[in-house]
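Single-structure report; data block below.
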Amino acid sequence: MTSTAELLQAEAELWCHAFGYLKSMALQCAIKLGIPNAIHRSGGTASLPELHAALPVAASKRSCVSRIMTFLAASGIFSEESPAAAADGEVAAGVRYSLTPASRLLVDDDDSVTSGSHHTCLSQFMLLCCSPINFRASQSLDDWLRVDELDGDNHAAAAAAETPFMMANGASLYGLTSRDAEFGARFSEGMGSDSRFVAEILARGGCAPVFAGLTSLVDVGGGDGTTARAIARAYPHVRCSVLELPEVVVDAVPADGGAVEFVAGDMMEYIPPADAVLLKFVLHNWSDEECVRILKLSKEAISTREPKGKVIIIDVVLGSSASKQILEAQLLLDLCMMVILPGKQRDEEKWHKIFLDAGFTRYEMSPMLGSRSLIEVYP
């Protein structure tokens, strides 16, 4: 028989799941109100009165700020320092809130540049993840699972609901970014901030061996060239190019004195020759069959010269870390793919099969990017 304590603990676990969406909403609220910036401007720590003075919150609702901050501190976004007692027993100061490594990634204050503490800001990526459009798509998951794609009598309904995102929004993710200017801008800003974060890590010394000996690299699906520019700056011996769809690169111009060029094309048809092909957060968008097709074209691109090059993949490898939090992040990303795109995250066994099917002979995996791994694949 389940004990009373176990029943109550089980109830608490269910509450945490059922109300879990409020974690996202509280984070979104903090970003939109500018709380990380306000704490940063106060020297990295701020009291409630200081936050009240800095934030655009109505005076009648200031008491709610402390409740939100208490929750976000309990969640690890901020740290909370309790009041200290003075020598006479009186409370010397009120509660103060400080930035943690997580909330420092939400600071986009220009002052951080001049102070020398500048780093990539992920606020725009977090706001993209919290978008009502994505939230609405996730609410269609159970309805989507009921639609049988193999049911010939219901083919039209299945085609219109390739993903929960399509079922909820009447268009694919990329279709909606083209049709809805506001969401398209949010998507570009969000993915750009994620690219800058990864690029910053790649530019650090620990990744230097990955780019040693390379003279050219093509970033497939590289968007506005953020990652390619960072690689070109950190490793000047590598000439970088970006392969993107014509509508993406129509206004693009060579960057960094010509060190980064843009090539219009479709990665499903052709990938330009280079010593290395970079696929950053690309393959998780596609089915296994489509990944094999992309990798075969990548193999052709790196095999036009001797010695043959390599494909560099930055993507999730499920179970690559012993960290419980990283595993949870990876599994959440897998559910995200299920909701918004017909792709998925993969464990090493699935990656291995895809590499073999595409004609590659060996690979090396390194979990140097936290929730994502850097994979080098060789012909």
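Chain labels follow the order of the structure tokens: the first chain is A, the next B, and so on; residue numbering restarts at 1 in every chain, and ligands are counted from 1 in their shown order.
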
Contacts of Gly222 of chain A at 9 Å (only C-alpha atoms; same-chain gap of 6+ positions) as a ChimeraX atom specification: /A:195,228,241-244,278-280

Determine, counting only C-alpha atoms, which protein, DNA and RNA residues have an atom within 9 Å of an atom of segment 333-349 of chain A; residues of the same chain fewer than 3 positions away are not included. Present the result as a VMD selection string. chain A and resid 134 137 to 138 140 to 141 162 to 166 172 to 173 283 to 288 315 to 320 328 to 330 352 to 354 365

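Considering only C-alpha atoms, the residue among A:Ala12, A:Ala168, A:Ala73, A:Cys29 positioned nearest to Arg136 of chain A is A:Ala168.
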
Name all residues at most 7 Å from segment 124-129 of chain A (count only C-alpha atoms; drop same-chain ones fewer than 3 positions away) and give them as a list in words. Gln28, Asn134, Arg186, Phe187, Glu189, Gly190, Met191, Ser193 and Asp194 of chain A

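Between atom CA of Tyr174 of chain A and atom CA of Val277 of chain A there is a distance of 23.1 Å.
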
Report as a VMD selection string: the residues of segment 186-317 of chain A with a DSSP assignment of alpha helix (DSSP H), based on the backbone of this structure. chain A and resid 186 to 202 208 to 211 226 to 234 246 to 249 288 to 302

Residues near Asn37 of chain A, anyone? I mean within 6 Å using only C-alpha atoms, not counting same-chain ones fewer than 3 positions away, as a PyMOL selection string. chain A and resi 34+40+107+109

Atom CA of Ser103 of chain A sits from atom CA of Gly44 of chain A at a separation of 10.3 Å

Looking only at the backbone, which of the residues in segment 178-358 of chain A does DSSP tag as strand (DSSP E or B), as a PyMOL selection string? chain A and resi 216-220+239-244+255+260-264+276-280+310-315+317-318+346-347

Any chance you can output those residues with N, CA, C and O atoms as a compact mmCIF listing (two decimals), in the first residue's frame?
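Once everything was written out, this is result06.txt:
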```
# COMPACT_ATOMS: atom_id res chain seq x y z
N SER A 216 39.24 25.68 -45.89
CA SER A 216 37.92 26.15 -46.33
C SER A 216 36.83 25.39 -45.59
O SER A 216 37.00 24.24 -45.21
N LEU A 217 35.70 26.08 -45.41
CA LEU A 217 34.55 25.49 -44.71
C LEU A 217 33.28 26.10 -45.28
O LEU A 217 33.21 27.31 -45.53
N VAL A 218 32.27 25.27 -45.48
CA VAL A 218 30.96 25.76 -45.89
C VAL A 218 29.95 25.45 -44.79
O VAL A 218 29.83 24.31 -44.35
N ASP A 219 29.29 26.50 -44.32
CA ASP A 219 28.28 26.39 -43.27
C ASP A 219 26.93 26.20 -43.97
O ASP A 219 26.36 27.15 -44.52
N VAL A 220 26.42 24.98 -43.93
CA VAL A 220 25.18 24.65 -44.64
C VAL A 220 23.98 25.06 -43.80
O VAL A 220 23.86 24.67 -42.64
N ARG A 239 38.86 29.81 -44.83
CA ARG A 239 37.97 30.65 -45.64
C ARG A 239 36.56 30.05 -45.57
O ARG A 239 36.36 28.89 -45.93
N CYS A 240 35.61 30.85 -45.12
CA CYS A 240 34.27 30.33 -44.86
C CYS A 240 33.25 30.83 -45.87
O CYS A 240 33.32 31.96 -46.36
N SER A 241 32.29 29.97 -46.15
CA SER A 241 31.15 30.35 -46.98
C SER A 241 29.89 29.83 -46.33
O SER A 241 29.92 28.92 -45.49
N VAL A 242 28.76 30.42 -46.71
CA VAL A 242 27.46 30.05 -46.16
C VAL A 242 26.56 29.64 -47.31
O VAL A 242 26.38 30.39 -48.27
N LEU A 243 26.01 28.43 -47.23
CA LEU A 243 25.02 27.97 -48.20
C LEU A 243 23.64 28.17 -47.61
O LEU A 243 23.31 27.61 -46.56
N GLU A 244 22.82 28.96 -48.28
CA GLU A 244 21.46 29.21 -47.82
C GLU A 244 20.53 29.34 -49.03
O GLU A 244 20.98 29.49 -50.17
N ALA A 255 31.25 39.13 -46.00
CA ALA A 255 31.54 39.72 -44.69
C ALA A 255 33.00 39.57 -44.32
O ALA A 255 33.73 38.75 -44.87
N VAL A 260 34.09 35.68 -45.55
CA VAL A 260 32.86 34.90 -45.56
C VAL A 260 32.04 35.28 -46.79
O VAL A 260 31.72 36.45 -46.99
N GLU A 261 31.72 34.29 -47.60
CA GLU A 261 30.92 34.51 -48.80
C GLU A 261 29.59 33.77 -48.66
O GLU A 261 29.48 32.80 -47.92
N PHE A 262 28.59 34.22 -49.40
CA PHE A 262 27.28 33.59 -49.37
C PHE A 262 26.99 32.94 -50.71
O PHE A 262 27.25 33.53 -51.77
N VAL A 263 26.48 31.72 -50.65
CA VAL A 263 26.15 30.95 -51.85
C VAL A 263 24.67 30.59 -51.79
O VAL A 263 24.20 30.02 -50.80
N ALA A 264 23.94 30.93 -52.83
CA ALA A 264 22.52 30.60 -52.89
C ALA A 264 22.35 29.19 -53.43
O ALA A 264 22.94 28.84 -54.45
N ALA A 276 35.79 21.24 -45.20
CA ALA A 276 34.85 20.83 -44.15
C ALA A 276 33.46 21.36 -44.44
O ALA A 276 33.30 22.48 -44.93
N VAL A 277 32.46 20.55 -44.16
CA VAL A 277 31.06 20.95 -44.23
C VAL A 277 30.54 21.03 -42.81
O VAL A 277 30.67 20.08 -42.04
N LEU A 278 29.98 22.18 -42.44
CA LEU A 278 29.42 22.38 -41.10
C LEU A 278 27.90 22.26 -41.15
O LEU A 278 27.25 22.96 -41.94
N LEU A 279 27.35 21.40 -40.31
CA LEU A 279 25.90 21.23 -40.18
C LEU A 279 25.54 21.50 -38.73
O LEU A 279 25.59 20.62 -37.88
N LYS A 280 25.22 22.76 -38.43
CA LYS A 280 24.92 23.15 -37.05
C LYS A 280 23.41 23.19 -36.85
O LYS A 280 22.71 24.01 -37.45
N LYS A 310 36.22 16.54 -43.91
CA LYS A 310 35.33 15.97 -42.89
C LYS A 310 34.05 16.79 -42.81
O LYS A 310 33.99 17.94 -43.27
N VAL A 311 33.04 16.18 -42.22
CA VAL A 311 31.79 16.87 -41.93
C VAL A 311 31.76 17.14 -40.42
O VAL A 311 32.02 16.24 -39.62
N ILE A 312 31.48 18.38 -40.08
CA ILE A 312 31.40 18.78 -38.67
C ILE A 312 29.93 19.00 -38.34
O ILE A 312 29.26 19.84 -38.95
N ILE A 313 29.42 18.21 -37.41
CA ILE A 313 28.01 18.28 -37.03
C ILE A 313 27.90 18.79 -35.60
O ILE A 313 28.60 18.31 -34.70
N ILE A 314 27.06 19.78 -35.40
CA ILE A 314 26.74 20.26 -34.05
C ILE A 314 25.27 19.96 -33.82
O ILE A 314 24.40 20.55 -34.46
N ASP A 315 25.01 19.00 -32.96
CA ASP A 315 23.63 18.56 -32.74
C ASP A 315 23.56 17.77 -31.44
O ASP A 315 24.59 17.46 -30.83
N VAL A 317 23.18 14.63 -29.08
CA VAL A 317 23.35 13.18 -29.00
C VAL A 317 22.71 12.77 -27.68
O VAL A 317 23.26 13.02 -26.61
N LEU A 318 21.54 12.18 -27.76
CA LEU A 318 20.81 11.84 -26.54
C LEU A 318 21.64 10.94 -25.63
O LEU A 318 22.23 9.96 -26.07
N ARG A 346 18.65 12.32 -31.73
CA ARG A 346 19.09 10.93 -31.90
C ARG A 346 20.16 10.57 -30.87
O ARG A 346 20.96 11.42 -30.46
N ASP A 347 20.20 9.29 -30.50
CA ASP A 347 21.29 8.81 -29.66
C ASP A 347 22.44 8.36 -30.57
O ASP A 347 22.33 8.39 -31.81
```

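Candidate residues A:Ala30, A:Leu176, A:Ala171, A:Ala59 were compared for distance to Ser123 of chain A, and the nearest is A:Ala30, using only C-alpha atoms.
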
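Counting from atom CA of Glu149 of chain A, the distance to atom CA of Thr177 of chain A is 25.0 Å.
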
How close does each residue of segment 148-264 of chain A get to segment 369-373 of chain A, giving the shortest atom pair and distance in Å to one decimal for every residue with an atom at most 9 Å away, counting only C-alpha atoms, sorted by chain and residue number, as JSON lines?
```
{"residue": "A:Val198", "atom": "CA", "partner": "A:Leu369", "partner_atom": "CA", "distance": 7.8}
{"residue": "A:Ile201", "atom": "CA", "partner": "A:Leu369", "partner_atom": "CA", "distance": 7.6}
{"residue": "A:Leu202", "atom": "CA", "partner": "A:Leu369", "partner_atom": "CA", "distance": 8.8}
```

Export of prior selection with N, CA, C and O atoms as a PDB file, in the first residue's frame:
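As written to disk, out_2.pdb reads:
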```pdb
ATOM      1  N   VAL A 198      26.688  29.610 -29.721  1.00  0.00           N
ATOM      2  CA  VAL A 198      27.519  28.486 -30.165  1.00  0.00           C
ATOM      3  C   VAL A 198      28.819  28.995 -30.774  1.00  0.00           C
ATOM      4  O   VAL A 198      29.899  28.439 -30.533  1.00  0.00           O
ATOM      5  N   ILE A 201      31.412  29.826 -28.223  1.00  0.00           N
ATOM      6  CA  ILE A 201      32.072  28.637 -27.670  1.00  0.00           C
ATOM      7  C   ILE A 201      33.083  28.083 -28.677  1.00  0.00           C
ATOM      8  O   ILE A 201      34.211  27.708 -28.315  1.00  0.00           O
ATOM      9  N   LEU A 202      32.692  28.044 -29.957  1.00  0.00           N
ATOM     10  CA  LEU A 202      33.590  27.514 -30.988  1.00  0.00           C
ATOM     11  C   LEU A 202      34.858  28.343 -31.111  1.00  0.00           C
ATOM     12  O   LEU A 202      35.918  27.827 -31.467  1.00  0.00           O
TER      13      LEU A 202
END
```

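Each of A:Val377, A:Met368, A:Leu51, A:Val238 was checked against Cys64 of chain A using only C-alpha atoms; the smallest atom-to-atom distance is that of A:Leu51.
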